[in-house]
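Student: This is start-v1.txt (compact mmCIF, C-alpha atoms).
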# COMPACT_ATOMS: atom_id res chain seq x y z
CA MET I 1 3.50 -84.99 -55.02
CA GLU I 2 3.01 -86.61 -58.40
CA LYS I 3 3.68 -90.02 -56.82
CA LEU I 4 0.95 -89.35 -54.29
CA LEU I 5 -1.61 -88.53 -56.95
CA SER I 6 -0.54 -91.45 -59.17
CA ARG I 7 -1.95 -93.89 -56.61
CA GLY I 8 -5.30 -93.57 -58.35
CA TYR I 9 -7.73 -91.10 -59.77
CA ALA I 10 -9.22 -88.61 -57.34
CA THR I 11 -11.98 -86.05 -57.33
CA LEU I 12 -12.16 -82.64 -55.73
CA HIS I 13 -15.49 -82.43 -53.90
CA HIS I 14 -17.37 -79.65 -52.24
CA LEU I 15 -18.28 -80.89 -48.80
CA SER I 16 -21.97 -80.94 -49.65
CA GLU I 17 -21.22 -83.60 -52.30
CA LEU I 18 -18.77 -85.63 -50.23
CA TYR I 19 -21.18 -87.47 -47.94
CA GLN I 20 -23.06 -89.09 -50.83
CA ALA I 21 -19.81 -89.99 -52.59
CA ILE I 22 -18.53 -91.75 -49.44
CA LEU I 23 -21.85 -93.51 -48.90
CA SER I 24 -21.65 -95.04 -52.37
CA ASP I 25 -18.05 -96.15 -51.73
CA THR I 26 -18.31 -97.44 -48.13
CA ASN I 27 -21.26 -97.30 -45.72
CA GLU I 28 -23.13 -95.00 -43.35
CA ALA I 29 -20.83 -95.58 -40.36
CA VAL I 30 -17.74 -94.50 -42.31
CA ALA I 31 -19.59 -91.57 -43.92
CA ASN I 32 -20.69 -90.39 -40.47
CA PHE I 33 -17.11 -90.69 -39.18
CA VAL I 34 -16.00 -88.34 -41.95
CA LYS I 35 -18.93 -86.02 -41.25
CA GLU I 36 -17.96 -85.82 -37.56
CA ASN I 37 -14.42 -84.75 -38.40
CA ILE I 38 -14.95 -82.49 -41.42
CA ALA I 39 -17.60 -79.79 -41.15
CA LEU I 40 -19.84 -80.64 -44.09
CA GLU I 41 -21.72 -77.36 -43.96
CA LYS I 42 -18.63 -75.52 -45.20
CA LYS I 43 -17.84 -75.05 -48.87
CA ASP I 44 -14.21 -76.09 -48.67
CA ASN I 45 -12.80 -78.56 -51.18
CA VAL I 46 -11.87 -82.11 -50.17
CA LEU I 47 -9.55 -84.25 -52.27
CA TYR I 48 -11.20 -87.68 -52.23
CA PHE I 49 -9.50 -90.96 -53.14
CA PRO I 50 -12.20 -93.68 -53.26
CA SER I 51 -11.25 -97.21 -52.21
CA ILE I 52 -12.07 -98.68 -55.63
CA GLY I 53 -13.01 -97.43 -59.05
CA GLN I 54 -11.61 -94.61 -61.14
CA PHE I 55 -12.86 -91.04 -61.09
CA SER I 56 -11.17 -88.37 -63.14
CA GLN I 57 -11.61 -84.65 -62.70
CA GLU I 58 -9.49 -81.55 -63.10
CA TYR I 59 -8.51 -79.86 -59.85
CA GLN I 60 -5.96 -77.44 -58.41
CA LEU I 61 -3.86 -78.61 -55.48
CA ASN I 62 -3.86 -75.17 -53.87
CA LEU I 63 -7.64 -75.44 -53.42
CA VAL I 64 -7.41 -78.59 -51.27
CA SER I 65 -8.50 -78.04 -47.65
CA SER I 66 -8.84 -81.68 -46.51
CA ILE I 67 -8.02 -85.15 -47.83
CA VAL I 68 -10.10 -88.32 -47.56
CA ASP I 69 -8.12 -91.31 -48.84
CA PHE I 70 -9.76 -94.74 -48.67
CA LYS I 71 -7.05 -96.54 -50.62
CA ASN I 72 -5.42 -99.02 -48.24
CA ILE I 73 -2.12 -97.58 -46.91
CA ASN I 74 -0.78 -101.12 -46.38
CA LEU I 75 -0.05 -101.08 -50.12
CA VAL I 76 2.05 -97.89 -49.97
CA LYS I 77 5.74 -98.65 -50.50
CA ASP I 78 7.23 -95.73 -48.51
CA LEU I 79 4.67 -94.88 -45.86
CA ASN I 80 6.52 -92.01 -44.18
CA ARG I 81 7.04 -90.30 -47.52
CA HIS I 82 3.37 -90.77 -48.33
CA PHE I 83 2.26 -89.23 -45.02
CA LEU I 84 4.76 -86.41 -45.55
CA SER I 85 3.20 -85.70 -48.96
CA MET I 86 -0.20 -85.49 -47.30
CA ASN I 87 1.20 -83.10 -44.72
CA LYS I 88 2.74 -80.80 -47.36
CA LEU I 89 -0.39 -80.82 -49.47
CA LEU I 90 -2.65 -79.69 -46.62
CA PRO I 91 -2.88 -76.19 -45.11
CA ASP I 92 -2.44 -75.67 -41.35
CA ALA I 93 -5.26 -77.42 -39.46
CA GLY I 94 -6.10 -79.41 -42.59
CA ILE I 95 -7.80 -82.76 -41.98
CA TYR I 96 -6.53 -86.07 -43.35
CA ILE I 97 -8.73 -89.17 -43.10
CA GLY I 98 -7.28 -92.50 -44.20
CA CYS I 99 -7.72 -96.24 -44.07
CA VAL I 100 -5.52 -99.12 -42.84
CA GLU I 101 -5.88 -102.84 -42.26
CA THR I 102 -4.31 -103.28 -38.81
CA TYR I 103 -2.92 -106.52 -37.36
CA LYS I 104 -6.26 -107.07 -35.63
CA ASN I 105 -8.20 -106.44 -38.86
CA HIS I 106 -5.78 -108.66 -40.81
CA GLU I 107 -6.20 -111.58 -38.39
CA SER I 108 -9.99 -111.27 -38.57
CA ASN I 109 -9.85 -111.37 -42.37
CA ILE I 110 -7.61 -114.46 -42.32
CA HIS I 111 -10.06 -116.21 -39.97
CA LEU I 112 -12.90 -115.40 -42.35
CA LYS I 113 -10.93 -116.60 -45.37
CA TYR I 114 -9.35 -119.84 -44.05
CA GLY I 115 -11.64 -120.96 -41.23
CA LYS I 116 -10.94 -121.61 -37.56
CA ILE I 117 -8.38 -124.47 -37.85
CA LEU I 118 -6.39 -123.63 -40.97
CA SER I 119 -6.16 -119.94 -40.05
CA ARG I 120 -3.99 -120.83 -37.01
CA PHE I 121 -1.22 -122.19 -39.25
CA VAL I 122 -1.59 -119.33 -41.73
CA LEU I 123 -1.25 -116.77 -38.93
CA ILE I 124 1.95 -118.41 -37.59
CA ILE I 125 3.59 -118.36 -41.03
CA ASP I 126 2.32 -114.85 -41.66
CA PHE I 127 3.71 -113.66 -38.29
CA ILE I 128 7.20 -115.03 -39.00
CA ILE I 129 7.46 -113.80 -42.60
CA ASN I 130 5.78 -110.42 -42.37
CA ARG I 131 6.23 -109.35 -38.76
CA VAL I 132 9.41 -110.95 -37.38
CA ILE I 133 11.77 -111.04 -40.37
CA PRO I 134 11.25 -107.36 -41.38
CA LYS I 135 12.10 -106.23 -37.81
CA LEU I 136 15.38 -108.16 -37.39
CA GLU I 137 18.53 -106.36 -38.46
CA LEU I 138 20.06 -109.48 -40.05
CA THR I 139 17.01 -110.25 -42.21
CA SER I 140 15.32 -106.88 -42.81
CA LYS I 141 17.48 -105.95 -45.82
CA LEU I 142 16.86 -109.34 -47.41
CA TYR I 143 13.12 -108.93 -46.82
CA ASN I 144 13.10 -105.44 -48.33
CA THR I 145 15.00 -106.67 -51.38
CA PHE I 146 12.51 -109.40 -52.24
CA PHE I 147 9.27 -108.09 -50.73
CA SER I 148 9.58 -104.30 -50.83
CA ALA I 149 6.51 -103.89 -53.06
CA ARG I 150 4.36 -106.29 -51.06
CA TYR I 151 1.50 -105.63 -48.69
CA LYS I 152 2.84 -104.23 -45.40
CA GLU I 153 1.47 -105.40 -42.07
CA LEU I 154 0.83 -102.48 -39.73
CA SER I 155 -0.33 -102.13 -36.16
CA LEU I 156 -2.68 -99.34 -35.20
CA SER I 157 -0.01 -97.74 -33.01
CA GLU I 158 2.63 -97.80 -35.76
CA THR I 159 0.19 -96.19 -38.19
CA LEU I 160 -0.82 -93.45 -35.77
CA GLY I 161 2.76 -93.02 -34.53
CA ARG I 162 4.04 -92.44 -38.07
CA LEU I 163 1.34 -89.80 -38.58
CA VAL I 164 2.38 -87.94 -35.43
CA TYR I 165 6.02 -88.27 -36.50
CA VAL I 166 5.38 -86.34 -39.73
CA GLY I 167 3.40 -83.52 -38.10
CA PHE I 168 -0.20 -84.64 -37.49
CA GLU I 169 -2.18 -84.95 -34.26
CA ILE I 170 -4.68 -87.75 -33.75
CA ILE I 171 -8.36 -86.81 -33.72
CA GLY I 172 -9.78 -90.34 -33.55
CA PHE I 173 -10.32 -93.68 -35.29
CA ILE I 174 -13.01 -96.33 -35.81
CA GLU I 175 -13.08 -99.96 -36.92
CA ASN I 176 -15.56 -100.92 -39.61
CA GLU I 177 -15.82 -104.13 -41.66
CA ASN I 178 -12.29 -105.24 -40.67
CA LYS I 179 -10.70 -101.93 -41.62
CA THR I 180 -9.63 -99.04 -39.42
CA TYR I 181 -10.36 -95.46 -40.44
CA PHE I 182 -8.34 -92.67 -38.81
CA ALA I 183 -8.71 -88.88 -38.71
CA VAL I 184 -5.78 -86.56 -38.03
CA ILE I 185 -5.15 -82.82 -38.20
CA LYS I 186 -2.02 -81.08 -39.47
CA THR I 187 -0.35 -79.16 -36.63
CA LYS I 188 3.17 -78.61 -37.97
CA GLU I 189 5.62 -79.32 -40.75
CA THR I 190 7.85 -82.37 -40.35
CA GLU I 191 10.99 -81.56 -38.35
CA HIS I 192 12.77 -84.95 -38.35
CA THR I 193 14.74 -84.04 -35.22
CA SER I 194 14.24 -87.50 -33.69
CA HIS I 195 14.88 -91.01 -34.91
CA PRO I 196 12.01 -93.50 -34.63
CA SER I 197 12.67 -96.75 -32.81
CA TYR I 198 12.25 -99.88 -34.91
CA GLY I 199 14.61 -102.65 -33.79
CA ALA I 200 14.15 -105.40 -31.19
CA ILE I 201 16.26 -103.42 -28.67
CA PHE I 202 15.82 -99.67 -28.62
CA ARG I 203 16.63 -96.58 -26.54
CA MET I 204 13.94 -94.51 -24.81
CA ARG I 205 14.65 -90.89 -23.87
CA ARG I 206 14.11 -90.65 -20.12
CA VAL I 207 14.77 -88.16 -17.31
CA GLY I 208 17.86 -89.14 -15.28
CA LYS I 209 19.79 -87.71 -12.35
CA GLN I 210 19.80 -83.90 -12.15
CA GLY I 211 17.15 -83.85 -14.86
CA LYS I 212 19.59 -84.96 -17.57
CA MET I 213 17.99 -86.86 -20.46
CA ILE I 214 19.43 -90.36 -20.91
CA GLY I 215 18.82 -93.18 -23.40
CA VAL I 216 17.35 -96.15 -21.50
CA TYR I 217 17.68 -99.52 -23.26
CA LYS I 218 14.79 -101.95 -23.44
CA ILE I 219 13.56 -104.97 -25.39
CA ARG I 220 10.70 -103.86 -27.57
CA THR I 221 7.30 -104.83 -26.23
CA MET I 222 5.51 -102.02 -28.05
CA HIS I 223 4.94 -101.54 -31.75
CA PRO I 224 7.31 -99.28 -33.73
CA TYR I 225 6.71 -95.50 -33.49
CA SER I 226 4.77 -96.01 -30.24
CA GLU I 227 6.85 -93.37 -28.47
CA TYR I 228 5.16 -90.64 -30.51
CA LEU I 229 1.75 -91.61 -29.11
CA GLN I 230 2.51 -91.30 -25.41
CA ASN I 231 0.69 -87.97 -24.96
CA TYR I 232 -2.32 -89.24 -26.89
CA VAL I 233 -2.64 -92.55 -25.01
CA ILE I 234 -2.14 -90.97 -21.57
CA HIS I 235 -4.87 -88.42 -22.19
CA LEU I 236 -7.08 -91.11 -23.74
CA ASN I 237 -6.80 -93.79 -21.02
CA GLY I 238 -4.87 -92.45 -18.02
CA TYR I 239 -2.80 -94.76 -15.78
CA ASN I 240 -3.38 -98.27 -14.38
CA GLU I 241 -2.81 -99.58 -10.84
CA PHE I 242 0.93 -100.01 -11.49
CA GLY I 243 1.40 -96.39 -12.55
CA LYS I 244 1.70 -97.31 -16.23
CA VAL I 245 -0.56 -96.26 -19.09
CA LYS I 246 -3.92 -98.03 -18.86
CA ASN I 247 -5.33 -100.09 -21.77
CA ASP I 248 -2.25 -99.30 -23.82
CA PHE I 249 -2.92 -100.50 -27.38
CA ARG I 250 0.72 -99.76 -28.24
CA THR I 251 1.76 -102.99 -26.44
CA ALA I 252 2.28 -106.06 -28.66
CA GLU I 253 0.00 -109.05 -28.00
CA TRP I 254 2.92 -111.46 -27.46
CA SER I 255 4.76 -109.28 -24.94
CA GLY I 256 2.94 -110.43 -21.79
CA ILE I 257 5.48 -113.04 -20.66
CA LEU I 258 8.41 -110.65 -21.24
CA ARG I 259 6.81 -108.02 -19.04
CA LYS I 260 5.62 -110.43 -16.37
CA LEU I 261 9.15 -111.76 -15.81
CA PHE I 262 10.87 -108.38 -16.37
CA ILE I 263 12.81 -109.80 -19.33
CA ASP I 264 12.08 -106.63 -21.31
CA GLU I 265 13.99 -104.62 -18.66
CA LEU I 266 17.24 -106.64 -18.86
CA PRO I 267 18.98 -104.33 -21.41
CA GLN I 268 18.85 -101.59 -18.75
CA LEU I 269 21.89 -103.33 -17.25
CA ILE I 270 23.77 -101.50 -20.02
CA ASN I 271 22.67 -98.23 -18.40
CA VAL I 272 23.85 -99.54 -15.01
CA ILE I 273 27.29 -100.34 -16.47
CA LYS I 274 27.41 -96.88 -18.07
CA GLY I 275 26.68 -95.32 -14.67
CA GLU I 276 23.35 -93.79 -15.74
CA MET I 277 21.08 -96.02 -13.62
CA ASN I 278 21.11 -98.11 -10.44
CA LEU I 279 19.70 -101.61 -10.02
CA VAL I 280 17.02 -100.18 -7.70
CA GLY I 281 15.49 -96.75 -8.02
CA VAL I 282 12.53 -94.74 -9.21
CA ARG I 283 11.32 -95.71 -12.66
CA PRO I 284 12.94 -93.62 -15.44
CA LEU I 285 10.17 -91.47 -16.93
CA SER I 286 9.69 -89.66 -20.19
CA LYS I 287 9.64 -85.86 -20.06
CA VAL I 288 5.86 -85.94 -20.52
CA SER I 289 5.26 -88.29 -17.58
CA PHE I 290 7.87 -86.53 -15.42
CA ASP I 291 6.17 -83.15 -15.90
CA MET I 292 2.88 -84.68 -14.69
CA MET I 293 4.45 -85.81 -11.38
CA PRO I 294 3.68 -84.04 -8.06
CA GLU I 295 6.15 -81.24 -7.34
CA ASP I 296 7.69 -82.93 -4.29
CA LEU I 297 8.52 -86.05 -6.32
CA LYS I 298 9.94 -84.08 -9.23
CA LYS I 299 12.28 -82.33 -6.80
CA ASP I 300 13.44 -85.52 -5.02
CA ARG I 301 13.52 -87.85 -8.05
CA ILE I 302 16.39 -86.03 -9.76
CA LEU I 303 18.59 -86.28 -6.67
CA PHE I 304 19.28 -89.95 -7.47
CA LYS I 305 19.81 -92.12 -10.52
CA PRO I 306 16.68 -93.93 -11.74
CA GLY I 307 16.61 -97.69 -11.30
CA CYS I 308 15.88 -100.89 -13.20
CA ILE I 309 13.59 -102.11 -10.39
CA PRO I 310 11.15 -99.47 -9.03
CA PRO I 311 10.17 -99.21 -5.32
CA CYS I 312 6.59 -100.34 -5.99
CA ILE I 313 7.90 -103.86 -6.70
CA ALA I 314 9.46 -104.19 -3.24
CA LEU I 315 6.44 -102.68 -1.51
CA ARG I 316 3.92 -104.42 -3.79
CA ALA I 317 2.19 -101.11 -4.34
CA LYS I 318 -0.83 -100.98 -6.64
CA GLY I 319 -2.82 -97.96 -7.70
CA LEU I 320 -1.24 -94.71 -8.84
CA GLU I 321 -1.30 -93.04 -5.41
CA ASN I 322 0.26 -96.08 -3.76
CA VAL I 323 2.97 -96.25 -6.44
CA LEU I 324 3.77 -92.57 -5.85
CA ASN I 325 3.84 -93.11 -2.08
CA ALA I 326 6.22 -96.06 -2.55
CA GLU I 327 8.58 -93.68 -4.37
CA ARG I 328 8.28 -91.16 -1.51
CA ILE I 329 9.18 -93.84 1.06
CA PHE I 330 12.15 -95.02 -1.03
CA LEU I 331 13.50 -91.52 -1.67
CA ARG I 332 13.10 -90.52 1.98
CA GLU I 333 15.10 -93.56 3.11
CA MET I 334 17.70 -93.03 0.37
CA LYS I 335 18.49 -89.58 1.81
CA ILE I 336 19.27 -91.17 5.18
CA ALA I 337 20.99 -94.48 4.28
CA PRO I 338 21.42 -94.99 0.50
CA VAL I 339 23.38 -98.29 0.59
CA LYS I 340 21.16 -99.94 3.20
CA THR I 341 18.00 -98.76 1.40
CA SER I 342 19.19 -100.00 -1.98
CA LEU I 343 20.01 -103.47 -0.59
CA LYS I 344 16.72 -103.74 1.32
CA PHE I 345 14.57 -102.77 -1.67
CA PHE I 346 16.63 -104.96 -4.03
CA PHE I 347 16.19 -108.20 -2.06
CA LYS I 348 12.51 -107.51 -1.35
CA SER I 349 11.94 -106.93 -5.07
CA ILE I 350 13.77 -110.10 -6.13
CA PHE I 351 11.70 -112.15 -3.67
CA ASN I 352 8.44 -110.69 -5.02
CA ILE I 353 9.48 -111.25 -8.63
CA VAL I 354 10.66 -114.84 -8.12
CA THR I 355 7.48 -115.75 -6.27
CA LEU I 356 5.43 -114.06 -9.03
CA ARG I 357 3.78 -111.74 -6.53
CA VAL I 358 4.37 -108.81 -8.88
CA SER I 359 5.08 -108.28 -12.57
CA SER I 360 6.25 -105.51 -14.84
CA ASN I 361 2.75 -105.08 -16.32
Could you render the structure as structure tokens?

Tutor:
Amino acid sequence: MEKLLSRGYATLHHLSELYQAILSDTNEAVANFVKENIALEKKDNVLYFPSIGQFSQEYQLNLVSSIVDFKNINLVKDLNRHFLSMNKLLPDAGIYIGCVETYKNHESNIHLKYGKILSRFVLIIDFIINRVIPKLELTSKLYNTFFSARYKELSLSETLGRLVYVGFEIIGFIENENKTYFAVIKTKETEHTSHPSYGAIFRMRRVGKQGKMIGVYKIRTMHPYSEYLQNYVIHLNGYNEFGKVKNDFRTAEWSGILRKLFIDELPQLINVIKGEMNLVGVRPLSKVSFDMMPEDLKKDRILFKPGCIPPCIALRAKGLENVLNAERIFLREMKIAPVKTSLKFFFKSIFNIVTLRVSSN
């Protein structure tokens, strides 16, 4: 806890004082964002870390009801530990509002600093050094040895995913002057029963045959910690015409070609070799998505192994209802002639993929 408070001087404000303090530090849009998420008419105490400057005041940690921290979390060395400290400091249902410079914000700031032409070269170098090297197993330790105290590049989804991982739920976020401000609420203490995915190839927990949970391999096309945001993004945006999450900000900008050509799905061949999946079958779903399925599909889905190539590819189905109906057709035929059905759907799918009539998007 001492490390948390050593990040800078802080003041303990009554909520009636907080709005004016934030106005002097940021602007009206940010102050209103805080006002929307913390009831200013109450007399609770808010621990406030301004973005700049030094304010010193005596306060008791057990009086803190909410935290507003405008010091950039990109500069925090151990981000999970920092978020955990915030979680422990707050009471149940306590509000934490923070600030991050996301990839998108960072790119905008580089464009402003270096201009249209030079910024292209700066962004390429920046991408390799600060986004590729730290994620590769062979180079990550070397990077951490020499650059552990440096500015950390963070996506919005990794930031929010880390917060959910340590026991917060997302309330909302806004972008303002090339920074992103987030508001979360404490819902539980950190359990650490799961291991966040971080490498280029990772395992997703999915529902397999007979309802057994399996680890499905995939090339990462989403930012780290994205798996912890699935509930939030589904409820925020719903599903697209392919039956996947719509407007999914967890997806990396460069991943389009991998998804279009199904390259990101290739590691699932490991699951085929292990006997957990077939080449063709219903898409392996998370427990959250599986529970949202119609009852007839939930019952029939677990009769067979999930597949690398879903039925909607063979039938070129678009729209959630059509994707679900494609699964019904496939499962109905599988009950009658499994080998014939698998071969038919496999060759139809390959033809559609090769001719670019469908993609994994």

Student: Could you pull the residues within 8 Å of segment 348-360 of chain I, counting only C-alpha atoms, minus those fewer than 5 positions along the same chain, as a PDB file with C-alpha atoms, keeping the file's coordinate frame?

Tutor:
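around_33.pdb written:
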ATOM      1  CA  ARG I 259       6.810-108.020 -19.040  1.00  0.00           C
ATOM      2  CA  LYS I 260       5.620-110.430 -16.370  1.00  0.00           C
ATOM      3  CA  LEU I 261       9.150-111.760 -15.810  1.00  0.00           C
ATOM      4  CA  PHE I 262      10.870-108.380 -16.370  1.00  0.00           C
ATOM      5  CA  ILE I 309      13.590-102.110 -10.390  1.00  0.00           C
ATOM      6  CA  PRO I 311      10.170 -99.210  -5.320  1.00  0.00           C
ATOM      7  CA  ILE I 313       7.900-103.860  -6.700  1.00  0.00           C
ATOM      8  CA  ALA I 314       9.460-104.190  -3.240  1.00  0.00           C
ATOM      9  CA  LEU I 315       6.440-102.680  -1.510  1.00  0.00           C
ATOM     10  CA  ARG I 316       3.920-104.420  -3.790  1.00  0.00           C
TER      11      ARG I 316
END

Student: Just the residues within 12 Å of Pro224 of chain I, please, counting all atoms listed in the file, with nothing from its chain fewer than 5 positions along; format it as a list in words.

Tutor: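 The neighbour list is Arg131, Pro134, Lys135, Glu153, Leu154, Ser155, Leu156, Ser157, Glu158, Thr159, Leu160, Gly161, Arg162, Tyr165, His195, Pro196, Ser197, Tyr198, Gly199, Ala200, Ile201, Phe202, Ile219, Leu229, Arg250, Thr251 and Ala252 of chain I.
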
Student: In Å, with one decimal, what is the gap from atom CA of Arg120 of chain I to atom CA of Asn176 of chain I?

Tutor: 23.2 Å

Student: Report, in Å with one decimal, the straight-line distance from atom CA of Arg301 of chain I to atom CA of Val164 of chain I.

Tutor: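 These two atoms are separated by 29.6 Å.
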
Student: From the options I:Asp126, I:Glu189, I:Glu36, I:Glu17, which residue's atoms come nearest to Pro91 of chain I, counting all atoms listed in the file?

Tutor: I:Glu189

Student: Contacts of segment 234-238 of chain I at 9 Å or less, counting all atoms listed in the file, minus same-chain residues fewer than 5 places along, as a VMD selection string?

Tutor: chain I and resid 229 244 to 248 289

Student: Write a file of the selected residues as a PDB file, keeping the file's coordinate frame, keeping C-alpha atoms.

Tutor:
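The new file result18.pdb reads:
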ATOM      1  CA  LEU I 229       1.750 -91.610 -29.110  1.00  0.00           C
ATOM      2  CA  LYS I 244       1.700 -97.310 -16.230  1.00  0.00           C
ATOM      3  CA  VAL I 245      -0.560 -96.260 -19.090  1.00  0.00           C
ATOM      4  CA  LYS I 246      -3.920 -98.030 -18.860  1.00  0.00           C
ATOM      5  CA  ASN I 247      -5.330-100.090 -21.770  1.00  0.00           C
ATOM      6  CA  ASP I 248      -2.250 -99.300 -23.820  1.00  0.00           C
ATOM      7  CA  SER I 289       5.260 -88.290 -17.580  1.00  0.00           C
TER       8      SER I 289
END

Student: How big is the axis-aligned box, and where does its centre sit, when it encloses all atoms of segment 154-170 of chain I listed in the file and has 5 Å added on every side, reported in Å to one decimal as JSON?

Tutor:
{"center_x": 0.7, "center_y": -93.0, "center_z": -36.4, "size_x": 20.7, "size_y": 29.0, "size_z": 16.7}

Student: Using all atoms listed in the file, which of the listed residues (I:Ala326, I:Val233, I:Leu138, I:Ala21) sits closest to Phe249 of chain I?

Tutor: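 For Phe249 of chain I, the nearest of the candidates is I:Val233.
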
Student: For Ser286 of chain I, which residue out of I:Leu258, I:Met204, I:Glu333, I:Glu321 is the nearest one, using only C-alpha atoms?

Tutor: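 Residue with the minimum atom-to-atom distance to Ser286 of chain I: I:Met204.
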
Student: Would you mind listing what lies within 10 Å of Arg205 of chain I as a short mmCIF file (atom, residue, chain, number, x, y, z; two decimals) with C-alpha atoms, in the frame of the given file, with only C-alpha atoms counted and same-chain residues fewer than 6 positions away left out?

Tutor:
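Final output, saved to result_27.cif:
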data_model
loop_
_atom_site.label_atom_id
_atom_site.label_comp_id
_atom_site.auth_asym_id
_atom_site.auth_seq_id
_atom_site.Cartn_x
_atom_site.Cartn_y
_atom_site.Cartn_z
CA LYS I 212 19.59 -84.96 -17.57
CA MET I 213 17.99 -86.86 -20.46
CA ILE I 214 19.43 -90.36 -20.91
CA GLY I 215 18.82 -93.18 -23.40
CA VAL I 216 17.35 -96.15 -21.50
CA TYR I 217 17.68 -99.52 -23.26
CA GLU I 227 6.85 -93.37 -28.47
CA PRO I 284 12.94 -93.62 -15.44
CA LEU I 285 10.17 -91.47 -16.93
CA SER I 286 9.69 -89.66 -20.19
CA LYS I 287 9.64 -85.86 -20.06
#

Student: Find the distance between atom CA of Cys308 of chain I and atom CA of Tyr232 of chain I and write it in Å to one decimal.

Tutor: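 Separation of atom CA of Cys308 of chain I and atom CA of Tyr232 of chain I: 25.6 Å.
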
Student: Select from segment 120-192 of chain I every residue with an atom at most 10 Å from any atom of segment 109-114 of chain I, then for each give the shortest pair of atoms and their distance in Å to one decimal, using only C-alpha atoms, rows by chain and rising number, as JSON lines.

Tutor:
{"residue": "I:Arg120", "atom": "CA", "partner": "I:His111", "partner_atom": "CA", "distance": 8.2}
{"residue": "I:Phe121", "atom": "CA", "partner": "I:Tyr114", "partner_atom": "CA", "distance": 9.7}
{"residue": "I:Val122", "atom": "CA", "partner": "I:Ile110", "partner_atom": "CA", "distance": 7.8}
{"residue": "I:Leu123", "atom": "CA", "partner": "I:Ile110", "partner_atom": "CA", "distance": 7.6}
{"residue": "I:Asp126", "atom": "CA", "partner": "I:Ile110", "partner_atom": "CA", "distance": 10.0}
{"residue": "I:Glu177", "atom": "CA", "partner": "I:Asn109", "partner_atom": "CA", "distance": 9.4}
{"residue": "I:Asn178", "atom": "CA", "partner": "I:Asn109", "partner_atom": "CA", "distance": 6.8}
{"residue": "I:Lys179", "atom": "CA", "partner": "I:Asn109", "partner_atom": "CA", "distance": 9.5}

Student: Find, counting all atoms listed in the file, the residue in I:Tyr181, I:Tyr19, I:Phe83, I:Phe290 that gets nearest to Asn105 of chain I.

Tutor: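 Result for the nearest residue to Asn105 of chain I: I:Tyr181.
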
Student: Using all atoms listed in the file, which protein or nucleic acid residues come within 7 Å of Leu75 of chain I? Drop anything in the same chain fewer than 2 positions from it, and give the result as a list in words.

Tutor: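 My list of contacting residues is Asn72, Ile73, Lys77, Arg150, Tyr151 and Lys152 of chain I.
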
Student: Using only C-alpha atoms for the distances, tell me which of I:Val46, I:Val132, I:Val100, I:Leu331 is nearest to Lys299 of chain I.

Tutor: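 The closest residue to Lys299 of chain I is I:Leu331.
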
Student: For a quick check of understanding, using all atoms listed in the file, which of I:Leu79, I:Val34, I:Ile185, I:Val166 has the smallest distance to Ala93 of chain I?

Tutor: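 Ranked by minimum distance to Ala93 of chain I, first place goes to I:Ile185.
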